[in-house]
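These notes concern the structure reproduced below.
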Amino acid sequence: MAVPQVNKKLLDELEAMGFPRPRATRALHFSGNSSLEAAIEWVIDHENDSDIDQMPLVAVDINLDSPQLFDITEQMKMKAQELRNKEHKKKEVEEKKLERQREKERIRASKDLTEAKRILESNEKQRYLALKKKEKEEEKRAREKIVKKLEHDKVERRSRLGLPPESPSVKPSTHLLQEKTTSLPLKSVTNAEQMRECLRSLKRNHQNDGARVRRAFETLLIYVGNIAKNPDEEKFRKIRLTNPLFQDRVGNLRGGMEFLELCGFERTEGDEFLYLPDDKVNMELLNTAGSELKSAMTNPFFGLLSV
């Protein structure tokens with residue numbers, strides 16, 4: 001199979017009029033290679049053929065060079081221009097159709113992304129609310145346990161003193177029990193809430209600078225973690241207040257210094273250092289501080305929802 005031989009002058013004329021070589025060759029070949037006008041007529045009749053721009057192949061080469069010179073008439077030029085205009089419009093229609101399809105796909109992808117983000121935020125919110133509910137339930141159980149312990153201790157004291165059991169009709173007032181339970185082991189709960197409020201305040205005051213807030217939380221966690229791991233190392237329990245790095249990450253952020261003071265740090269004379277005395281290292285308090293910092297760093301709603 002080979003490309004058929006056509007009149008080269010006619011082929012050059014058709015290419016000069018804007019027809020691709022495969023289309024011009026096909027037109028000359030199937031119109032009998034007779035004239036320029038016949039080739040243009042063939043193109044008009046077959047412009048919608050799927051293979052119009054494919055180079056034709058024949059079994060035997062055909063040499064039909066014509067000795068005649070063909071002049072391009074005005075009508076031929078008009079028909080050629082008309083074909084070019086049709087081809088251009090056809091391409092424009094196809095491009096607009098493709099653009100509409102791409103726009104639909106973009107809109108659909110955007111909706112899918114928005115829905116996925118909504119579901120993720122909803123799940124995170126539900127997880128956070130469930131965590132808060134669990135914390136309140138644990139706090140309630142702790143209070144109830146303390147109340148029962150107080151009652152049991154009271155019964156034992158009366159027994160040791162040889163006093164008769166208290167009459168069931170006489171019960172300690174709820175107010176008194178509340179005061180006792182509040183003043184006992186629930187100190188850690190109070191400290192946790194105060195720490196949480198410091199971190200909330202820090203995040204709210206710098207809510208437009210999430211990177212700086214996270215850096216502050218990470219720095220506080222490093223201070224707390226170093227002391228918890230090495231409580232006997234004084235260098236971890238002593239912070240120079242004039243340190244530019246400390247000031248940039250913690251000292252200049254409202255809530256940062258207060259958080260460290262809740263962990264047991266004290267200002268030295270002259271406000272040169274924050275110092276945690278050896279005898280005031282409270283591992284339970286440090287663990288509470290670490291838990292509050294980790295919660296603040298991982299919970300996307302921390303400081304945004306009312307508790």
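Chain labels run A, B, ... following the order of the structure tokens; each chain numbers its residues from 1, and ligands are numbered from 1 in the order shown.
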
For this session: Using DSSP on the backbone coordinates, identify the residues of stretch 78-274 of chain A assigned to helix (DSSP H, G or I); present them as a PyMOL selection string.
Result: chain A and resi 78-160+174-183+187-205+210-229+234-237+244-251+256-262+269-271

Using only C-alpha atoms, what table do you get, as a tab-separated table, when you list each residue of stretch 30-64 of chain A with an atom no more than 8 Å from stretch 79-84 of chain A, its nearest pair of atoms, and their distance in Å rounded to one decimal, rows by chain then rising number?
residue	atom	partner	partner_atom	distance
A:Ile40	CA	A:Ala80	CA	6.9
A:Ile44	CA	A:Leu83	CA	7.0
A:Glu47	CA	A:Leu83	CA	8.0

Exercise. Can you list, as a list in words, every protein, DNA or RNA residue that comes within 9 Å of A:Leu253 when you count only C-alpha atoms, leaving out same-chain residues fewer than 2 positions away?
Worked result: Leu202, Asn205, His206, Val213, Ala216, Gln247, Asp248, Arg249, Val250, Gly251, Gly255, Gly256 and Met257 of chain A

Exercise. Hey, what's within 10 Å of A:Ile239 if we count only C-alpha atoms and toss same-chain stuff fewer than 5 positions away? As a PyMOL selection string, please?
Worked result: chain A and resi 223+234+246+265+267+272-276

Exercise. So how many Å separate atom CA of A:Glu37 and atom CA of A:Gln54, to one decimal?
Worked result: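 Atom CA of A:Gln54 lies at a distance of 20.8 Å from atom CA of A:Glu37.
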
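Among A:Leu163, A:Leu113, A:Ile227, A:Ala211, the residue with the shortest atom-to-atom distance to A:Asp278, counting only C-alpha atoms, is A:Ile227.
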
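The shortest atom-to-atom distance to A:Glu233, with only C-alpha atoms taken into account, belongs to A:Val281 out of A:Leu161, A:Leu245, A:Ala39, A:Val281.
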
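Here atom CA of A:Glu266 stands at a distance of 20.4 Å from atom CA of A:Glu292.
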
Exercise. Taking only C-alpha atoms into account, which of A:Cys198, A:Ala116, A:Ala289, A:Met283 comes nearest A:Phe302?
Worked result: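 Smallest separation from A:Phe302 among the options: A:Cys198.
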
For this session: Kindly indicate which residue among A:Arg237, A:Lys77, A:Arg196, A:Lys229 lies nearest to A:Thr288, using only C-alpha atoms for the distances.
Result: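 Nearest candidate to A:Thr288 out of A:Arg237, A:Lys77, A:Arg196, A:Lys229: A:Arg196.
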
Problem set entry | A:Val224 surroundings by only C-alpha atoms, 9 Å radius, close-in-sequence under 4 positions cut, as a PyMOL selection string | chain A and resi 219-220+228-229+236+260+263+286-287+289-290

Exercise. Atom CA of A:Ala192 to atom CA of A:Glu261: how many Å, to one decimal?
Worked result: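 Result for atom CA of A:Ala192 versus atom CA of A:Glu261: 12.8 Å, one decimal.
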
For this session: Apply DSSP to the structure's backbone, then extract all residues of stretch 230-296 of chain A labelled strand (DSSP E or B) and return them as a list in words.
Result: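 Reading the DSSP output for stretch 230-296 of chain A, strand (DSSP E or B) covers Lys238, Ile239, Arg240, Glu266, Arg267, Phe273, Leu274 and Tyr275 of chain A.
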
Would you save the residues from that selection as a short mmCIF file (atom, residue, chain, number, x, y, z; two decimals), in the first residue's frame, using C-alpha atoms?
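Contents of the output file part15.cif:
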data_model
loop_
_atom_site.label_atom_id
_atom_site.label_comp_id
_atom_site.auth_asym_id
_atom_site.auth_seq_id
_atom_site.Cartn_x
_atom_site.Cartn_y
_atom_site.Cartn_z
CA LYS A 238 14.94 26.95 85.59
CA ILE A 239 13.91 29.31 82.76
CA ARG A 240 15.61 32.65 82.10
CA GLU A 266 7.79 30.68 90.73
CA ARG A 267 9.38 33.99 89.83
CA PHE A 273 14.08 33.43 86.30
CA LEU A 274 11.06 31.19 86.48
CA TYR A 275 12.07 28.44 88.92
#

Exercise. In terms of the shortest atom-to-atom distance over only C-alpha atoms, which of A:Asp153, A:Arg158, A:Leu293, A:Phe259 is closest to A:Leu221?
Worked result: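 Comparing A:Asp153, A:Arg158, A:Leu293, A:Phe259 against A:Leu221, the winner is A:Leu293.
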
Exercise. So which residues touch A:Leu28 within 12 Å, counting only C-alpha atoms, skipping near sequence neighbours fewer than 3 positions away, as a VMD selection string?
Worked result: chain A and resid 3 to 15 19 21 to 25 31 to 43 55 to 56 62 64 to 66
